[in-house]
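Student: For reference, the structure I am asking about is given below.
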Amino acid sequence: MTGRIPVTVIGGYLGAGKTTLVNHLLRHAGGLRLAVMVNDFGAMAIDADLIEAQEEDLISIAGGCICCSFGSDLIEAMAKLAERSPRPDHVLLETSGVALPGPVAGTVSLLPDFDVDCVAVLADATRIRALVADRYLADTMDRQLADAQIVLLTKTDCIGPSLADETLAWLSGRVPGARCLPVSNGAVDPAVLIGARLGYRATLSLSAPHQAAMLYHTESLPMVEPLDIAALTTLLQGADLGLLRAKGFVRNAVGQIYGVQVVGTVVRVERHLAPRPVEPGLIAIGLRRSFDPALFRQALAVTRVTGD
Amino acid sequence: MVTIYRARKIITMNPARPVATHVAVRDGRVLGAGSYEELKGWGEHRLDERFATLVLMPGMVEGHSHLSEGVLWRHAYCGYFDRMDPDGKTWTGARSIEEIVARLRDAEAGMADPQRPVAGWGLDPIYYGNRRVMRADLDQVSTRRPVGVVHASGHILNVNTRGLELAGLMRAGINHPGVVLGADGLPTGELKGPEAMSLAARHIGMDRGLLNSDEAGLRAFARLCVRTGVTTAADLGNMLEPQAVEMMTRVTAEERFPARIVALRMAFDIEPEALIARAREVSGMSTDRLRLGIIKVVVDGSIQGFSARLLWPGYYNGAPNGLWYIAPQRLAEIFERALAAGIQVHMHTNGDEATELVLDTMEAALRKHPSADHRFTLQHCQLANRAQFRRMKALGMNVNLFPNHHFYWGDEHYALTVGPERAERMNACASALEAGVPFAIHSDAPVTPLGPLFTAWCAVNRRTASGRTLGEAEKIPVGEALRTITLGAAHTFKLDAEIGSIETGKRADFAVLEDDPEHVGAELLKDVRVWGTVLGGRVFAAADI
């Protein structure tokens, strides 16, 4: 037993780019054993060069990753997954096109072996505005987006930069509770969607894949000084930092350790009571154009506990 | 060898000679129905008088049921209404939660293995003043064994504390819409929806719900068919995995197996292209008593579960619109591929928006693949309006409505889900008839009891459990109802040339009745006594099945 396995729930309508994204994440798993859960294999086109072997309901993928179909019994499939040896480090759960990812995440939260890392919903930049006005799908699309902490606006390369910017601004206004970021060719820094890459494994390289690296900035800070936890929480909740993800451990004035988790707009700062000692430190990631690392360091400095 | 049966009356559903006194049978098929004088002309024969005091009508066709009706009877029946089991025993309804507890205790008392779970089914709290069952209630049955009761709707499960513990749910801090919490912050034991249910269902031996049957369940289901006058019944939603097809083929071929089963392949877990290929493959495995090759697609959820998709203005109590169970794009792809391949599709829709989507999708698919006699069938289709029935007719579709639902949940629909006006037009049999849409009516057993004569009574009287007549204008006459539970349902499976009436060339499938459904009157239709059935010329008496 090695604790709960984090799960990223990936939602979005048919054609939103879930498959492209999953392939990208598998290619850049960076040594993590990812388990991809899909509704059915037919819909799932794992790139052929990644596949090592295929059985009835399990595909073995290069680098120790796997892909399983869960069909109509997600819970059964997840239970089997937890029993695998070695256990996966992280699960990517791809929902069906009309599923609401929030309830799926709720179901994952009921399972003793898993923990929801984040809910990401994909929106196809070429179609999302038509879908949210569709006679049959409008409310489903809005409900999917409302469930997201991170919305990936995909296929922005297909509509040109100015329309892409306009669509992104429109989307951000429509989904105020989530962080929206543009994606082309499925290239997103895996650390944004796979919290396990942040912090849990210090030995992992955090360098993002080339295409994504140009878009994202990752900031790693040692955080040796004690912080005012309440002030830090307030700071992280503010939208102006442009943070997409952050993870790590900080110390308060009396030396107690707190775990920090930021996923989009969701901030969790909680006492870390595990027996294992941890190294204080914070890793933060944001889009280059909206995340200013210098500003972030300054803001953090303000939450430092001064005097006693 | 020709057998000529004499009966008190034979209702044929053949308009050319609607009633007869004799029917001649050879090789399991009908040579003709008429007078003894007429039928003697078929040559050497044996005159069989065993039905001389009984009434024959075409074997009834249940157009939408589930084989799990045969499985559930292994567990304690906890429904509010009296209900007959496959052995012919009528279980009285449980009139209070205390009675349910007592019933489960009885079941528990007979168990030797101390680990074995205690399971019940058919619970409906609307009849107990909406008092919910709590884990403390079920703890009175046992604190050591897991105890669980599935609701009549199939969408909710109540378990005891042990059941919650085994499911890993007996803890504080759960935040999930399907897990009801008590004032103490702990789950009450009420688990709603497939995910929350499935965590506990596996521990009470009810893990795969409506989609599963086994050999014993299939045989029990068929015995229930004999007791209700059913000769052909649809299993509306089977995964048809190879081992299930093998088992069903073997069991239905048994010498004394008394029903014909039409099993539809669920469009779950499979891509449209593979789905069509599988439907085609199993179609070739059909036998006389096991018909395969039709597909079932689930489009939305249920009205009483607020998961059906409704057109404006939505739910009467303001609940948000329901859920799509399939992406419209995928539905379109299934329709197009199925029409191109000549495969029939049945679509579960409950809400009128789901029906509208199917009609729009069908219209577009037919433009690409014009098909003269596809008989794609809307199943349940409870809220369809008259404009939708006219479109069904124009598009060549069939519909299978759910009048039983009206009896069991009509009061709830009137007060809560869709409100008075739409509750009155639900399951609009008269509208279907007027629009000329070929239609069937069904029980959705085990959701409501198998029994086409009861279903016909519901369509004729539109009575709810409280005694309210809901939708005078949508009542249909007895004759139409009887036609619907025979030829009407047969038509939805393209079996109307083979079964559904008693006339030359048809299979010798009869319902054998002790009373005449054409003469007992609308009020007593549900009380017509069933003697048994004849399936392909083989006689099955309910008394010794």
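Ordering of the structure tokens sets the chain letters (A, B, ...), residue numbers begin anew at 1 in every chain, and ligands are numbered from 1 in the order given.
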Using only C-alpha atoms, what does the table of chain A residues within 6 Å of chain B look like, with each row giving the shortest atom pair and its distance in Å to one decimal, sorted by chain and ascending number, as a tab-separated table?

Tutor:
```
residue	atom	partner	partner_atom	distance
A:Asp40	CA	B:Asp269	CA	5.2
A:Gly42	CA	B:Glu271	CA	5.2
A:Gly71	CA	B:Asp269	CA	4.7
A:Val98	CA	B:Ala327	CA	5.5
A:Gly106	CA	B:His176	CA	5.5
```

Student: Would you kindly return, as number ranges by chain, each protein, DNA or RNA residue with an atom no farther than 12 Å from any atom of Asp292 in chain A, considering only C-alpha atoms and excluding same-chain residues fewer than 4 positions away?

Tutor: A: 216-219, 240-243, 284-288, 296-299

Student: Got time to write the residues from that selection, N, CA and C atoms, as a PDB file, in the first residue's frame?

Tutor:
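Dumped to selection_31.pdb:
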```pdb
ATOM      1  N   TYR A 216       5.161  27.537 -21.768  1.00  0.00           N
ATOM      2  CA  TYR A 216       5.045  27.472 -20.312  1.00  0.00           C
ATOM      3  C   TYR A 216       6.328  27.883 -19.618  1.00  0.00           C
ATOM      4  N   HIS A 217       6.177  28.362 -18.406  1.00  0.00           N
ATOM      5  CA  HIS A 217       7.339  28.585 -17.558  1.00  0.00           C
ATOM      6  C   HIS A 217       7.147  27.810 -16.259  1.00  0.00           C
ATOM      7  N   THR A 218       8.191  27.095 -15.852  1.00  0.00           N
ATOM      8  CA  THR A 218       8.137  26.364 -14.590  1.00  0.00           C
ATOM      9  C   THR A 218       9.130  26.988 -13.619  1.00  0.00           C
ATOM     10  N   GLU A 219       8.650  27.292 -12.449  1.00  0.00           N
ATOM     11  CA  GLU A 219       9.479  27.977 -11.460  1.00  0.00           C
ATOM     12  C   GLU A 219       9.619  27.061 -10.244  1.00  0.00           C
ATOM     13  N   ASP A 240      -4.548  36.976 -10.372  1.00  0.00           N
ATOM     14  CA  ASP A 240      -3.574  37.779 -11.115  1.00  0.00           C
ATOM     15  C   ASP A 240      -2.188  37.140 -11.229  1.00  0.00           C
ATOM     16  N   LEU A 241      -1.915  36.083 -10.458  1.00  0.00           N
ATOM     17  CA  LEU A 241      -0.603  35.449 -10.566  1.00  0.00           C
ATOM     18  C   LEU A 241      -0.442  34.668 -11.875  1.00  0.00           C
ATOM     19  N   GLY A 242      -1.541  34.236 -12.440  1.00  0.00           N
ATOM     20  CA  GLY A 242      -1.474  33.458 -13.675  1.00  0.00           C
ATOM     21  C   GLY A 242      -0.968  32.043 -13.471  1.00  0.00           C
ATOM     22  N   LEU A 243      -1.145  31.515 -12.259  1.00  0.00           N
ATOM     23  CA  LEU A 243      -0.684  30.147 -11.966  1.00  0.00           C
ATOM     24  C   LEU A 243      -1.641  29.123 -12.569  1.00  0.00           C
ATOM     25  N   ALA A 284       6.028  25.815  -9.369  1.00  0.00           N
ATOM     26  CA  ALA A 284       4.859  26.487  -9.922  1.00  0.00           C
ATOM     27  C   ALA A 284       4.994  26.538 -11.430  1.00  0.00           C
ATOM     28  N   ILE A 285       3.846  26.441 -12.096  1.00  0.00           N
ATOM     29  CA  ILE A 285       3.873  26.458 -13.547  1.00  0.00           C
ATOM     30  C   ILE A 285       2.761  27.373 -14.067  1.00  0.00           C
ATOM     31  N   GLY A 286       3.104  28.120 -15.116  1.00  0.00           N
ATOM     32  CA  GLY A 286       2.113  29.015 -15.708  1.00  0.00           C
ATOM     33  C   GLY A 286       2.442  29.259 -17.162  1.00  0.00           C
ATOM     34  N   LEU A 287       1.512  29.880 -17.850  1.00  0.00           N
ATOM     35  CA  LEU A 287       1.773  30.255 -19.235  1.00  0.00           C
ATOM     36  C   LEU A 287       2.747  31.428 -19.248  1.00  0.00           C
ATOM     37  N   ARG A 288       3.711  31.380 -20.157  1.00  0.00           N
ATOM     38  CA  ARG A 288       4.700  32.448 -20.209  1.00  0.00           C
ATOM     39  C   ARG A 288       4.057  33.824 -20.305  1.00  0.00           C
ATOM     40  N   PHE A 296       5.923  36.544  -9.012  1.00  0.00           N
ATOM     41  CA  PHE A 296       5.534  35.443  -8.140  1.00  0.00           C
ATOM     42  C   PHE A 296       6.472  35.351  -6.935  1.00  0.00           C
ATOM     43  N   ARG A 297       7.788  35.455  -7.200  1.00  0.00           N
ATOM     44  CA  ARG A 297       8.762  35.389  -6.103  1.00  0.00           C
ATOM     45  C   ARG A 297       8.562  36.541  -5.130  1.00  0.00           C
ATOM     46  N   GLN A 298       8.316  37.728  -5.705  1.00  0.00           N
ATOM     47  CA  GLN A 298       8.081  38.906  -4.852  1.00  0.00           C
ATOM     48  C   GLN A 298       6.860  38.701  -3.963  1.00  0.00           C
ATOM     49  N   ALA A 299       5.788  38.226  -4.597  1.00  0.00           N
ATOM     50  CA  ALA A 299       4.543  38.039  -3.847  1.00  0.00           C
ATOM     51  C   ALA A 299       4.744  37.034  -2.716  1.00  0.00           C
TER      52      ALA A 299
END
```

Student: Taking 5 positions as the minimum chain separation for residues in the same chain, which residues sit within 6 Å of range 281-290 of chain B when counting only C-alpha atoms? Answer as an mmCIF file with all heavy atoms, in the first residue's frame.

Tutor:
```
data_model
loop_
_atom_site.group_PDB
_atom_site.id
_atom_site.type_symbol
_atom_site.label_atom_id
_atom_site.label_comp_id
_atom_site.auth_asym_id
_atom_site.auth_seq_id
_atom_site.Cartn_x
_atom_site.Cartn_y
_atom_site.Cartn_z
ATOM 1 N N THR B 252 -32.456 -22.206 -24.600
ATOM 2 C CA THR B 252 -33.727 -22.021 -25.322
ATOM 3 C C THR B 252 -34.035 -23.209 -26.224
ATOM 4 O O THR B 252 -35.189 -23.417 -26.604
ATOM 5 C CB THR B 252 -33.719 -20.725 -26.168
ATOM 6 O OG1 THR B 252 -32.586 -20.748 -27.050
ATOM 7 C CG2 THR B 252 -33.653 -19.480 -25.303
ATOM 8 N N ARG B 260 -40.074 -17.880 -26.595
ATOM 9 C CA ARG B 260 -39.185 -17.417 -27.661
ATOM 10 C C ARG B 260 -38.610 -16.090 -27.172
ATOM 11 O O ARG B 260 -39.356 -15.222 -26.714
ATOM 12 C CB ARG B 260 -39.979 -17.223 -28.953
ATOM 13 C CG ARG B 260 -39.139 -16.774 -30.137
ATOM 14 C CD ARG B 260 -39.966 -16.621 -31.408
ATOM 15 N NE ARG B 260 -40.474 -17.902 -31.867
ATOM 16 C CZ ARG B 260 -41.731 -18.287 -31.764
ATOM 17 N NH1 ARG B 260 -42.632 -17.479 -31.233
ATOM 18 N NH2 ARG B 260 -42.112 -19.462 -32.201
ATOM 19 N N ILE B 261 -37.283 -15.961 -27.232
ATOM 20 C CA ILE B 261 -36.617 -14.773 -26.692
ATOM 21 C C ILE B 261 -36.012 -13.951 -27.834
ATOM 22 O O ILE B 261 -35.307 -14.491 -28.690
ATOM 23 C CB ILE B 261 -35.482 -15.179 -25.710
ATOM 24 C CG1 ILE B 261 -36.008 -16.104 -24.595
ATOM 25 C CG2 ILE B 261 -34.803 -13.936 -25.130
ATOM 26 C CD1 ILE B 261 -36.974 -15.463 -23.623
ATOM 27 N N VAL B 262 -36.318 -12.670 -27.834
ATOM 28 C CA VAL B 262 -35.693 -11.746 -28.789
ATOM 29 C C VAL B 262 -34.696 -10.916 -27.971
ATOM 30 O O VAL B 262 -35.103 -10.122 -27.113
ATOM 31 C CB VAL B 262 -36.735 -10.806 -29.435
ATOM 32 C CG1 VAL B 262 -36.076 -9.898 -30.473
ATOM 33 C CG2 VAL B 262 -37.874 -11.598 -30.058
#
```

Student: Would you mind reading off the distance between CA of Leu292 in chain B and CA of Leu240 in chain B, one decimal, in Å?

Tutor: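 Distance between the two atoms: 9.0 Å.
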
Student: For Arg26 in chain B, work out the shell of residues within 8 Å, counting only C-alpha atoms and skipping chain neighbours fewer than 2 positions away, then give it as a compact mmCIF listing (two decimals) with N, CA, C and O atoms, in the first residue's frame.

Tutor:
```
# COMPACT_ATOMS: atom_id res chain seq x y z
N MET B 1 -48.65 -35.03 -38.86
CA MET B 1 -49.95 -35.25 -38.19
C MET B 1 -50.64 -33.93 -37.85
O MET B 1 -50.00 -33.01 -37.34
N VAL B 2 -51.88 -33.85 -38.16
CA VAL B 2 -52.64 -32.62 -37.90
C VAL B 2 -53.37 -32.74 -36.56
O VAL B 2 -53.97 -33.76 -36.29
N THR B 3 -53.27 -31.71 -35.75
CA THR B 3 -54.07 -31.66 -34.53
C THR B 3 -55.07 -30.52 -34.67
O THR B 3 -54.69 -29.40 -35.06
N ALA B 24 -56.36 -25.63 -36.52
CA ALA B 24 -55.62 -26.82 -36.95
C ALA B 24 -54.13 -26.52 -36.96
O ALA B 24 -53.71 -25.47 -37.46
N GLY B 28 -46.02 -27.51 -35.80
CA GLY B 28 -45.85 -26.30 -34.98
C GLY B 28 -46.41 -25.04 -35.60
O GLY B 28 -46.19 -23.95 -35.08
N ARG B 29 -47.12 -25.20 -36.72
CA ARG B 29 -47.67 -24.02 -37.37
C ARG B 29 -49.16 -24.15 -37.60
O ARG B 29 -49.73 -25.25 -37.58
N VAL B 30 -49.79 -23.02 -37.82
CA VAL B 30 -51.24 -22.99 -37.96
C VAL B 30 -51.61 -23.30 -39.41
O VAL B 30 -51.15 -22.62 -40.34
N LEU B 31 -52.45 -24.32 -39.58
CA LEU B 31 -52.99 -24.60 -40.92
C LEU B 31 -54.15 -23.66 -41.20
O LEU B 31 -54.34 -23.20 -42.31
N GLY B 537 -46.83 -25.15 -31.17
CA GLY B 537 -47.57 -26.39 -31.10
C GLY B 537 -47.32 -27.20 -29.83
O GLY B 537 -47.96 -28.21 -29.59
```

Student: From a backbone DSSP assignment, name each residue in range 383-431 of chain B labelled helix (DSSP H, G or I), as a PyMOL selection string.

Tutor: chain B and resi 386-395+403-417+419-425+429-431

Student: Would you kindly return, as a count of residues only, each protein, DNA or RNA residue with an atom no farther than 7 Å from any atom of range 293-298 of chain B, considering only C-alpha atoms and excluding same-chain residues fewer than 6 positions away?

Tutor: 18

Student: Could you give me, as a VMD selection string, the residues within 10 Å of Arg27 in chain A, counting only C-alpha atoms and dropping anything in the same chain fewer than 3 positions from it?

Tutor: chain A and resid 21 to 24 30 to 31 47 50 61 to 63 65 190 209

Student: Export, as a CSV table (one decimal), in the first residue's frame, the selected residues with N, CA, C and O atoms.

Tutor:
```csv
chain,number,residue,atom,x,y,z
A,21,LEU,N,-4.4,14.5,-27.0
A,21,LEU,CA,-3.8,14.9,-25.8
A,21,LEU,C,-3.2,13.7,-25.0
A,21,LEU,O,-2.1,13.7,-24.5
A,22,VAL,N,-4.0,12.6,-24.9
A,22,VAL,CA,-3.5,11.4,-24.2
A,22,VAL,C,-2.2,10.9,-24.8
A,22,VAL,O,-1.3,10.5,-24.1
A,23,ASN,N,-2.2,10.8,-26.2
A,23,ASN,CA,-1.0,10.4,-26.8
A,23,ASN,C,0.2,11.2,-26.5
A,23,ASN,O,1.3,10.8,-26.3
A,24,HIS,N,0.0,12.5,-26.5
A,24,HIS,CA,1.0,13.5,-26.1
A,24,HIS,C,1.6,13.2,-24.7
A,24,HIS,O,2.8,13.2,-24.5
A,30,GLY,N,7.7,10.9,-19.0
A,30,GLY,CA,8.9,11.2,-18.3
A,30,GLY,C,9.2,10.1,-17.2
A,30,GLY,O,9.6,10.5,-16.1
A,31,GLY,N,9.0,8.9,-17.5
A,31,GLY,CA,9.3,7.8,-16.6
A,31,GLY,C,8.1,7.5,-15.6
A,31,GLY,O,8.2,6.5,-14.9
A,47,ASP,N,-1.4,5.9,-30.5
A,47,ASP,CA,-0.5,5.9,-31.6
A,47,ASP,C,0.2,4.5,-31.7
A,47,ASP,O,0.7,4.0,-30.7
A,50,LEU,N,3.5,3.5,-30.1
A,50,LEU,CA,3.6,3.5,-28.6
A,50,LEU,C,3.1,2.1,-28.1
A,50,LEU,O,3.4,1.8,-26.9
A,61,ILE,N,1.9,-0.1,-23.2
A,61,ILE,CA,2.5,1.0,-23.9
A,61,ILE,C,3.9,1.2,-23.4
A,61,ILE,O,4.3,0.9,-22.3
A,62,ALA,N,4.8,1.6,-24.3
A,62,ALA,CA,6.2,1.9,-24.1
A,62,ALA,C,6.3,2.6,-22.7
A,62,ALA,O,5.5,3.5,-22.4
A,63,GLY,N,7.4,2.3,-22.0
A,63,GLY,CA,7.7,3.0,-20.8
A,63,GLY,C,6.9,2.6,-19.6
A,63,GLY,O,6.8,3.3,-18.6
A,65,CYS,N,3.6,2.2,-19.3
A,65,CYS,CA,2.3,2.7,-19.3
A,65,CYS,C,1.3,1.7,-19.8
A,65,CYS,O,1.7,0.8,-20.5
A,190,PRO,N,3.0,18.4,-19.6
A,190,PRO,CA,2.3,17.3,-18.8
A,190,PRO,C,2.2,17.7,-17.3
A,190,PRO,O,1.2,17.3,-16.7
A,209,PRO,N,8.2,19.3,-22.9
A,209,PRO,CA,8.5,19.0,-24.3
A,209,PRO,C,8.7,20.3,-25.1
A,209,PRO,O,8.1,21.3,-24.7
```

Student: Using only C-alpha atoms, pick whichever of B:Ala341, B:Val299, B:Ala33, B:Leu104 has the shortest atom-to-atom distance to His380 in chain B.

Tutor: B:Val299

Student: Enumerate as number ranges by chain all residues of range 119-250 of chain B assigned to strand (DSSP E or B) by DSSP on the backbone, naming them with the chain letters and numbers the document uses.

Tutor: B: 119-123, 147-151, 156-159, 179-181, 187-192, 230-238

Student: One number please: CA of Trp73 in chain B to CA of Asp124 in chain B, in Å, one decimal.

Tutor: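 Value for the CA of Trp73 in chain B-CA of Asp124 in chain B distance: 16.7 Å.
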